[in-house]
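Undergrad: Quick one, model-v1.cif (mmCIF, C-alpha atoms):
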data_upload
loop_
_atom_site.label_atom_id
_atom_site.label_comp_id
_atom_site.auth_asym_id
_atom_site.auth_seq_id
_atom_site.Cartn_x
_atom_site.Cartn_y
_atom_site.Cartn_z
CA MET A 1 116.80 230.34 192.73
CA ASN A 2 119.86 228.86 190.97
CA GLU A 3 121.77 228.89 194.23
CA MET A 4 118.94 227.06 195.97
CA LEU A 5 119.02 224.18 193.46
CA ALA A 6 122.64 224.19 192.37
CA HIS A 7 123.69 221.74 195.08
CA LEU A 8 121.40 219.11 193.56
CA PHE A 9 123.06 219.12 190.15
CA LYS A 10 126.75 219.70 190.73
CA ALA A 11 129.42 218.38 193.00
CA ASP A 12 129.68 220.23 196.27
CA ASP A 13 132.26 219.56 198.97
CA ALA A 14 130.37 221.46 201.65
CA PRO A 15 128.53 219.20 204.09
CA ALA A 16 124.74 219.30 203.91
CA LYS A 17 122.94 221.03 206.76
CA ASN A 18 121.34 218.25 208.81
CA VAL A 19 117.93 219.64 209.69
CA SER A 20 114.72 217.65 209.97
CA ASP A 21 111.95 218.28 207.44
CA ALA A 22 109.64 219.43 210.24
CA VAL A 23 112.12 222.12 211.33
CA ARG A 24 112.87 223.17 207.76
CA ILE A 25 109.18 223.48 206.91
CA SER A 26 108.35 225.36 210.11
CA GLU A 27 111.01 227.94 209.24
CA LEU A 28 109.56 228.71 205.81
CA PRO A 29 108.18 232.24 205.46
CA THR A 30 104.40 232.62 205.33
CA TYR A 31 102.57 234.42 202.57
CA SER A 32 98.98 235.66 202.32
CA PRO A 33 98.03 236.67 198.79
CA ALA A 34 95.47 239.30 197.92
CA CYS A 35 93.51 237.16 195.45
CA SER A 36 92.35 238.13 192.02
CA ASN A 37 89.16 236.72 190.54
CA PHE A 38 90.61 234.32 188.00
CA THR A 39 87.14 233.03 187.12
CA ALA A 40 86.27 236.41 185.60
CA MET A 41 89.65 236.63 183.90
CA TYR A 42 89.66 233.22 182.21
CA ARG A 43 86.04 232.02 181.89
CA THR A 44 84.66 231.66 178.37
CA ASP A 45 81.59 233.65 177.31
CA THR A 46 79.44 230.54 177.66
CA GLY A 47 81.22 229.06 180.67
CA THR A 48 79.31 228.44 183.88
CA MET A 49 81.98 227.01 186.18
CA VAL A 50 83.40 229.10 189.01
CA LEU A 51 86.84 228.59 190.52
CA ARG A 52 86.99 227.57 194.17
CA ASP A 53 88.77 229.79 196.70
CA VAL A 54 91.69 227.34 196.93
CA GLN A 55 92.07 227.44 193.12
CA ASN A 56 92.05 231.25 193.05
CA ARG A 57 94.62 231.37 195.87
CA ALA A 58 96.89 228.83 194.17
CA LEU A 59 96.78 230.72 190.88
CA GLN A 60 97.47 234.02 192.65
CA VAL A 61 100.45 232.57 194.53
CA ALA A 62 101.82 231.13 191.29
CA LYS A 63 101.39 234.46 189.53
CA ASP A 64 103.07 236.39 192.35
CA ALA A 65 105.96 233.96 192.82
CA LYS A 66 106.20 232.82 189.18
CA ALA A 67 106.29 229.30 190.65
CA GLY A 68 104.64 227.20 193.31
CA VAL A 69 104.25 223.97 195.19
CA PHE A 70 100.61 223.36 196.06
CA LEU A 71 99.69 220.81 198.71
CA ILE A 72 95.98 220.59 197.96
CA GLY A 73 93.71 217.67 198.82
CA CYS A 74 91.99 215.24 196.48
CA GLY A 75 88.93 216.65 194.76
CA HIS A 76 89.82 220.31 195.28
CA GLY A 77 90.57 221.10 191.63
CA LYS A 78 94.30 220.64 191.08
CA THR A 79 93.78 219.55 187.47
CA LEU A 80 92.06 222.81 186.58
CA ILE A 81 94.81 224.75 188.36
CA SER A 82 97.39 222.88 186.26
CA LEU A 83 95.50 223.66 183.06
CA LEU A 84 95.12 227.37 183.88
CA LEU A 85 98.74 227.89 185.00
CA PRO A 86 100.12 228.36 181.44
CA ALA A 87 97.73 231.28 180.86
CA VAL A 88 98.25 232.78 184.32
CA LEU A 89 102.05 232.57 183.98
CA SER A 90 102.07 233.71 180.32
CA SER A 91 103.72 230.52 179.14
CA ASP A 92 104.15 229.96 175.42
CA ASN A 93 105.21 226.32 175.67
CA ALA A 94 104.06 224.64 178.89
CA LEU A 95 104.48 221.00 179.80
CA LEU A 96 102.26 219.10 182.24
CA VAL A 97 103.93 215.95 183.56
CA LEU A 98 101.91 213.31 185.38
CA PRO A 99 101.74 209.55 185.95
CA ALA A 100 100.92 207.54 182.83
CA SER A 101 97.70 206.33 184.46
CA LEU A 102 96.38 209.93 184.57
CA VAL A 103 97.21 211.10 181.03
CA LYS A 104 93.94 210.02 179.34
CA LYS A 105 91.82 211.20 182.28
CA THR A 106 93.50 214.61 182.29
CA LYS A 107 93.08 215.06 178.53
CA ARG A 108 89.41 214.11 178.82
CA GLU A 109 88.89 216.55 181.71
CA ALA A 110 90.73 219.28 179.80
CA LYS A 111 88.17 219.07 176.97
CA GLU A 112 85.38 219.66 179.50
CA TYR A 113 87.21 222.52 181.24
CA MET A 114 87.82 224.20 177.88
CA LYS A 115 84.05 224.69 177.57
CA HIS A 116 84.19 226.89 180.66
CA PHE A 117 87.68 228.45 180.67
CA ASN A 118 90.15 229.88 178.16
CA ILE A 119 92.94 227.40 178.62
CA LYS A 120 96.38 227.51 176.96
CA MET A 121 96.67 223.76 176.60
CA PRO A 122 100.03 222.43 177.80
CA ALA A 123 101.72 219.43 176.26
CA ILE A 124 100.79 216.48 178.49
CA ILE A 125 103.21 213.61 179.02
CA SER A 126 104.02 211.00 181.63
CA TYR A 127 106.91 210.74 184.05
CA GLU A 128 107.60 207.38 182.46
CA LYS A 129 108.21 209.03 179.06
CA ILE A 130 110.75 211.38 180.62
CA SER A 131 112.47 208.34 182.14
CA ARG A 132 112.65 206.59 178.76
CA ASP A 133 113.32 209.45 176.31
CA ILE A 134 116.65 211.17 176.91
CA ASN A 135 115.97 214.04 174.47
CA PHE A 136 112.30 214.74 175.12
CA LEU A 137 112.67 217.80 177.35
CA THR A 138 115.29 219.50 175.20
CA SER A 139 113.36 218.82 171.99
CA LEU A 140 110.11 220.18 173.45
CA ALA A 141 111.92 223.07 175.20
CA PRO A 142 109.13 223.99 177.63
CA ASP A 143 109.22 227.40 179.31
CA LEU A 144 107.04 226.05 182.16
CA ILE A 145 106.97 222.57 183.68
CA ILE A 146 103.97 221.62 185.82
CA CYS A 147 104.46 218.42 187.81
CA ASP A 148 101.22 216.81 188.94
CA GLU A 149 101.78 214.15 191.61
CA ALA A 150 105.24 215.65 192.20
CA HIS A 151 106.19 212.88 194.62
CA TYR A 152 107.07 210.99 191.43
CA ILE A 153 110.25 213.11 191.31
CA LYS A 154 111.18 212.95 195.00
CA ASP A 155 114.01 210.44 194.50
CA LEU A 156 117.10 212.51 193.64
CA SER A 157 118.80 209.45 192.16
CA SER A 158 116.02 208.69 189.65
CA THR A 159 116.46 209.32 185.95
CA ARG A 160 113.29 211.40 185.61
CA THR A 161 114.17 213.61 188.58
CA ASN A 162 117.65 214.27 187.25
CA ARG A 163 116.41 215.02 183.73
CA ILE A 164 113.81 217.48 184.98
CA GLY A 165 116.24 219.02 187.46
CA ARG A 166 119.01 219.46 184.90
CA TYR A 167 116.56 220.94 182.38
CA LEU A 168 115.27 223.43 184.96
CA TYR A 169 118.74 224.35 186.12
CA HIS A 170 120.17 224.86 182.63
CA ASN A 171 117.14 226.34 180.86
CA LEU A 172 114.62 227.95 183.19
CA LEU A 173 116.38 229.22 186.29
#
Can you dump the structure from the file as C-alpha cells?

TA:
Amino acid sequence: MNEMLAHLFKADDAPAKNVSDAVRISELPTYSPACSNFTAMYRTDTGTMVLRDVQNRALQVAKDAKAGVFLIGCGHGKTLISLLLPAVLSSDNALLVLPASLVKKTKREAKEYMKHFNIKMPAIISYEKISRDINFLTSLAPDLIICDEAHYIKDLSSTRTNRIGRYLYHNLL
C-alpha cells in the first residue's frame, strides 16, 4: 500500500496517468465477502439490536482487507460501523474523525449503541481540530484512523488531508 500512496506525499517526476474517475473505478477489482454474523460476535448480553446486512458486509470487508472505503447511504448505520471497527480490526488506539457538527451527536449515539454492542470506543475528534493542531495525530498515535464524511479530506492541498496522509504514510502503512 505504501507504493499506492507514496506519490501523494513525496516529489515524483513521473507524469500522472490521466484517466477519468469513471474508468479508474470501473477497473477496480470486485469482491464478494462471505459474511460473519457480527451481531452475535459483538452484542452485549442484554443487547437487542441486530446489525443490518450492509453493516455486516462492511465489517467483513474491513476485517478481510484490514481497511475499507464504504459508500453507504444515509440512515444505513455507518456510525455503528465506525464504532465497531476498532473491535473488528483489533485496534488498541483508534481515532474517529468527523465534522465538528457531528461530534456531540456521535458521542450521544455511541452511549446508546454501547447498551447493545461491546464497543472499543475510539477517540472522537473533528477534522477542524486536525487542521488547527499540528501535533495532535502524533501525540495520540492512533493505530487506526476512521474518517466519517471522508470527502472532508478530498482536497490534497488541505492541511488536514496532508496531516492525515503523512501520518498514515509514516506510521501505519

Undergrad: List the residues matched by the PyMOL selection byres ((chain A and resi 113) around 10) in the displayed structure as a PyMOL selection string, ordered by chain and then by residue number.

TA: chain A and resi 43-44+47+49+79-80+83-84+107-112+114-119

Undergrad: Measure the distance from atom CA of A:Leu102 to atom CA of A:Ser126 in Å and round it to one decimal.

TA: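 Separation of atom CA of A:Leu102 and atom CA of A:Ser126: 8.3 Å.
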
Undergrad: When you look at A:Ile81 with a cut-off of 9 Å (counting all atoms listed in the file), what residues show up, excluding the ones that are within fewer than 4 positions of it in the same chain? I need them as a PyMOL selection string.

TA: chain A and resi 55-56+58-59+77+85

Undergrad: Which value, in Å to one decimal, gives the distance between atom CA of A:Lys104 and atom CA of A:Ile72?

TA: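 Computing it gives 21.5 Å between the two atoms.
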
Undergrad: For stretch 35-132 of chain A against stretch 148-172 of chain A, with a cut-off of 8 Å and counting all atoms listed in the file, what is the closest atom pair and its distance in Å to one decimal for every residue that makes the cut, ordered by chain and number, as CSV?

TA:
residue,atom,partner,partner_atom,distance
A:Ser82,CA,A:Asp148,CA,7.7
A:Leu96,CA,A:Asp148,CA,7.2
A:Val97,CA,A:Asp148,CA,6.1
A:Leu98,CA,A:Asp148,CA,5.0
A:Pro99,CA,A:Glu149,CA,7.3
A:Tyr127,CA,A:Arg160,CA,6.6
A:Glu128,CA,A:Arg160,CA,7.6
A:Ile130,CA,A:Arg160,CA,5.6
A:Ser131,CA,A:Arg160,CA,4.7

Undergrad: Measuring between all atoms listed in the file, which one of A:Thr106, A:Leu51, A:Gly75, A:Thr39 shows the shortest distance to A:Ile125?

TA: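 Among the listed residues, the smallest separation from A:Ile125 belongs to A:Thr106.
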
Undergrad: How far is it from atom CA of A:Ile145 to atom CA of A:Lys105, in Å with one decimal?

TA: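 These two atoms are separated by 19.0 Å.
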
Undergrad: Written as a ChimeraX atom specification, what is the full residue list that the PyMOL selection byres ((chain A and resi 141) around 10) yields on the file shown?

TA: /A:93-95,135-140,142-145,167,171-172

Undergrad: So, counting all atoms listed in the file, which residue among A:Thr48, A:Val54, A:Lys63, A:Pro29 is closest to A:His76?

TA: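 Nearest to A:His76: A:Val54.
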
Undergrad: Mind writing stretch 156-168 of chain A to a file for me, with all heavy atoms, as a PDB file, in the first residue's frame?

TA:
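The resulting file, result-v4.pdb, is shown below:
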ATOM      1  N   LEU A 156      -6.279  17.489  -1.772  1.00  0.00           N
ATOM      2  CA  LEU A 156      -4.897  17.099  -1.465  1.00  0.00           C
ATOM      3  C   LEU A 156      -4.019  18.273  -1.037  1.00  0.00           C
ATOM      4  O   LEU A 156      -2.920  18.068  -0.530  1.00  0.00           O
ATOM      5  CB  LEU A 156      -4.277  16.382  -2.660  1.00  0.00           C
ATOM      6  CG  LEU A 156      -4.926  15.057  -3.038  1.00  0.00           C
ATOM      7  CD1 LEU A 156      -4.236  14.455  -4.255  1.00  0.00           C
ATOM      8  CD2 LEU A 156      -4.904  14.083  -1.876  1.00  0.00           C
ATOM      9  N   SER A 157      -4.498  19.499  -1.205  1.00  0.00           N
ATOM     10  CA  SER A 157      -3.697  20.646  -0.770  1.00  0.00           C
ATOM     11  C   SER A 157      -4.109  21.142   0.617  1.00  0.00           C
ATOM     12  O   SER A 157      -3.482  22.059   1.145  1.00  0.00           O
ATOM     13  CB  SER A 157      -3.824  21.788  -1.785  1.00  0.00           C
ATOM     14  OG  SER A 157      -5.158  22.276  -1.809  1.00  0.00           O
ATOM     15  N   SER A 158      -5.135  20.515   1.227  1.00  0.00           N
ATOM     16  CA  SER A 158      -5.587  20.998   2.536  1.00  0.00           C
ATOM     17  C   SER A 158      -4.663  20.510   3.650  1.00  0.00           C
ATOM     18  O   SER A 158      -4.034  19.457   3.564  1.00  0.00           O
ATOM     19  CB  SER A 158      -7.027  20.546   2.817  1.00  0.00           C
ATOM     20  OG  SER A 158      -7.058  19.190   3.200  1.00  0.00           O
ATOM     21  N   THR A 159      -4.619  21.282   4.712  1.00  0.00           N
ATOM     22  CA  THR A 159      -3.785  20.950   5.865  1.00  0.00           C
ATOM     23  C   THR A 159      -4.204  19.623   6.475  1.00  0.00           C
ATOM     24  O   THR A 159      -3.376  18.761   6.745  1.00  0.00           O
ATOM     25  CB  THR A 159      -3.884  22.076   6.913  1.00  0.00           C
ATOM     26  OG1 THR A 159      -3.420  23.290   6.319  1.00  0.00           O
ATOM     27  CG2 THR A 159      -3.065  21.761   8.143  1.00  0.00           C
ATOM     28  N   ARG A 160      -5.503  19.444   6.698  1.00  0.00           N
ATOM     29  CA  ARG A 160      -5.972  18.211   7.360  1.00  0.00           C
ATOM     30  C   ARG A 160      -5.656  16.984   6.528  1.00  0.00           C
ATOM     31  O   ARG A 160      -5.246  15.963   7.057  1.00  0.00           O
ATOM     32  CB  ARG A 160      -7.456  18.304   7.688  1.00  0.00           C
ATOM     33  CG  ARG A 160      -8.346  18.286   6.462  1.00  0.00           C
ATOM     34  CD  ARG A 160      -9.795  18.422   6.799  1.00  0.00           C
ATOM     35  NE  ARG A 160     -10.067  19.808   7.127  1.00  0.00           N
ATOM     36  CZ  ARG A 160     -11.233  20.385   7.059  1.00  0.00           C
ATOM     37  NH1 ARG A 160     -12.281  19.697   6.701  1.00  0.00           N
ATOM     38  NH2 ARG A 160     -11.396  21.637   7.356  1.00  0.00           N
ATOM     39  N   THR A 161      -5.832  17.077   5.210  1.00  0.00           N
ATOM     40  CA  THR A 161      -5.558  15.943   4.330  1.00  0.00           C
ATOM     41  C   THR A 161      -4.080  15.586   4.383  1.00  0.00           C
ATOM     42  O   THR A 161      -3.716  14.411   4.490  1.00  0.00           O
ATOM     43  CB  THR A 161      -5.980  16.252   2.885  1.00  0.00           C
ATOM     44  OG1 THR A 161      -7.375  16.572   2.868  1.00  0.00           O
ATOM     45  CG2 THR A 161      -5.704  15.086   1.962  1.00  0.00           C
ATOM     46  N   ASN A 162      -3.232  16.580   4.333  1.00  0.00           N
ATOM     47  CA  ASN A 162      -1.794  16.325   4.370  1.00  0.00           C
ATOM     48  C   ASN A 162      -1.343  15.776   5.715  1.00  0.00           C
ATOM     49  O   ASN A 162      -0.499  14.884   5.761  1.00  0.00           O
ATOM     50  CB  ASN A 162      -1.017  17.586   3.996  1.00  0.00           C
ATOM     51  CG  ASN A 162      -0.954  17.746   2.504  1.00  0.00           C
ATOM     52  OD1 ASN A 162      -0.235  17.023   1.838  1.00  0.00           O
ATOM     53  ND2 ASN A 162      -1.747  18.663   1.968  1.00  0.00           N
ATOM     54  N   ARG A 163      -1.922  16.251   6.794  1.00  0.00           N
ATOM     55  CA  ARG A 163      -1.540  15.725   8.117  1.00  0.00           C
ATOM     56  C   ARG A 163      -1.963  14.265   8.269  1.00  0.00           C
ATOM     57  O   ARG A 163      -1.194  13.437   8.755  1.00  0.00           O
ATOM     58  CB  ARG A 163      -2.139  16.577   9.229  1.00  0.00           C
ATOM     59  CG  ARG A 163      -1.415  17.892   9.360  1.00  0.00           C
ATOM     60  CD  ARG A 163      -1.861  18.697  10.539  1.00  0.00           C
ATOM     61  NE  ARG A 163      -1.083  19.934  10.551  1.00  0.00           N
ATOM     62  CZ  ARG A 163      -1.511  21.079  11.022  1.00  0.00           C
ATOM     63  NH1 ARG A 163      -2.707  21.161  11.582  1.00  0.00           N
ATOM     64  NH2 ARG A 163      -0.745  22.142  10.979  1.00  0.00           N
ATOM     65  N   ILE A 164      -3.180  13.958   7.863  1.00  0.00           N
ATOM     66  CA  ILE A 164      -3.637  12.570   7.940  1.00  0.00           C
ATOM     67  C   ILE A 164      -2.821  11.694   6.998  1.00  0.00           C
ATOM     68  O   ILE A 164      -2.368  10.614   7.370  1.00  0.00           O
ATOM     69  CB  ILE A 164      -5.148  12.460   7.637  1.00  0.00           C
ATOM     70  CG1 ILE A 164      -5.951  13.108   8.767  1.00  0.00           C
ATOM     71  CG2 ILE A 164      -5.566  11.004   7.445  1.00  0.00           C
ATOM     72  CD1 ILE A 164      -7.444  13.249   8.475  1.00  0.00           C
ATOM     73  N   GLY A 165      -2.608  12.155   5.785  1.00  0.00           N
ATOM     74  CA  GLY A 165      -1.841  11.386   4.806  1.00  0.00           C
ATOM     75  C   GLY A 165      -0.422  11.116   5.259  1.00  0.00           C
ATOM     76  O   GLY A 165       0.069   9.982   5.164  1.00  0.00           O
ATOM     77  N   ARG A 166       0.254  12.144   5.755  1.00  0.00           N
ATOM     78  CA  ARG A 166       1.627  11.954   6.235  1.00  0.00           C
ATOM     79  C   ARG A 166       1.660  11.003   7.426  1.00  0.00           C
ATOM     80  O   ARG A 166       2.536  10.146   7.515  1.00  0.00           O
ATOM     81  CB  ARG A 166       2.266  13.296   6.603  1.00  0.00           C
ATOM     82  CG  ARG A 166       2.839  14.033   5.415  1.00  0.00           C
ATOM     83  CD  ARG A 166       3.742  15.184   5.837  1.00  0.00           C
ATOM     84  NE  ARG A 166       3.093  16.120   6.744  1.00  0.00           N
ATOM     85  CZ  ARG A 166       2.340  17.158   6.368  1.00  0.00           C
ATOM     86  NH1 ARG A 166       2.146  17.391   5.094  1.00  0.00           N
ATOM     87  NH2 ARG A 166       1.804  17.955   7.267  1.00  0.00           N
ATOM     88  N   TYR A 167       0.691  11.138   8.336  1.00  0.00           N
ATOM     89  CA  TYR A 167       0.657  10.241   9.498  1.00  0.00           C
ATOM     90  C   TYR A 167       0.476   8.792   9.027  1.00  0.00           C
ATOM     91  O   TYR A 167       1.179   7.900   9.481  1.00  0.00           O
ATOM     92  CB  TYR A 167      -0.447  10.631  10.478  1.00  0.00           C
ATOM     93  CG  TYR A 167      -0.430   9.728  11.680  1.00  0.00           C
ATOM     94  CD1 TYR A 167       0.439   9.992  12.733  1.00  0.00           C
ATOM     95  CD2 TYR A 167      -1.214   8.585  11.731  1.00  0.00           C
ATOM     96  CE1 TYR A 167       0.498   9.125  13.822  1.00  0.00           C
ATOM     97  CE2 TYR A 167      -1.161   7.724  12.813  1.00  0.00           C
ATOM     98  CZ  TYR A 167      -0.293   8.000  13.851  1.00  0.00           C
ATOM     99  OH  TYR A 167      -0.213   7.133  14.913  1.00  0.00           O
ATOM    100  N   LEU A 168      -0.472   8.557   8.130  1.00  0.00           N
ATOM    101  CA  LEU A 168      -0.692   7.210   7.605  1.00  0.00           C
ATOM    102  C   LEU A 168       0.564   6.681   6.940  1.00  0.00           C
ATOM    103  O   LEU A 168       0.985   5.550   7.194  1.00  0.00           O
ATOM    104  CB  LEU A 168      -1.849   7.203   6.594  1.00  0.00           C
ATOM    105  CG  LEU A 168      -3.236   7.425   7.138  1.00  0.00           C
ATOM    106  CD1 LEU A 168      -4.223   7.584   5.985  1.00  0.00           C
ATOM    107  CD2 LEU A 168      -3.657   6.294   8.045  1.00  0.00           C
TER     108      LEU A 168
END
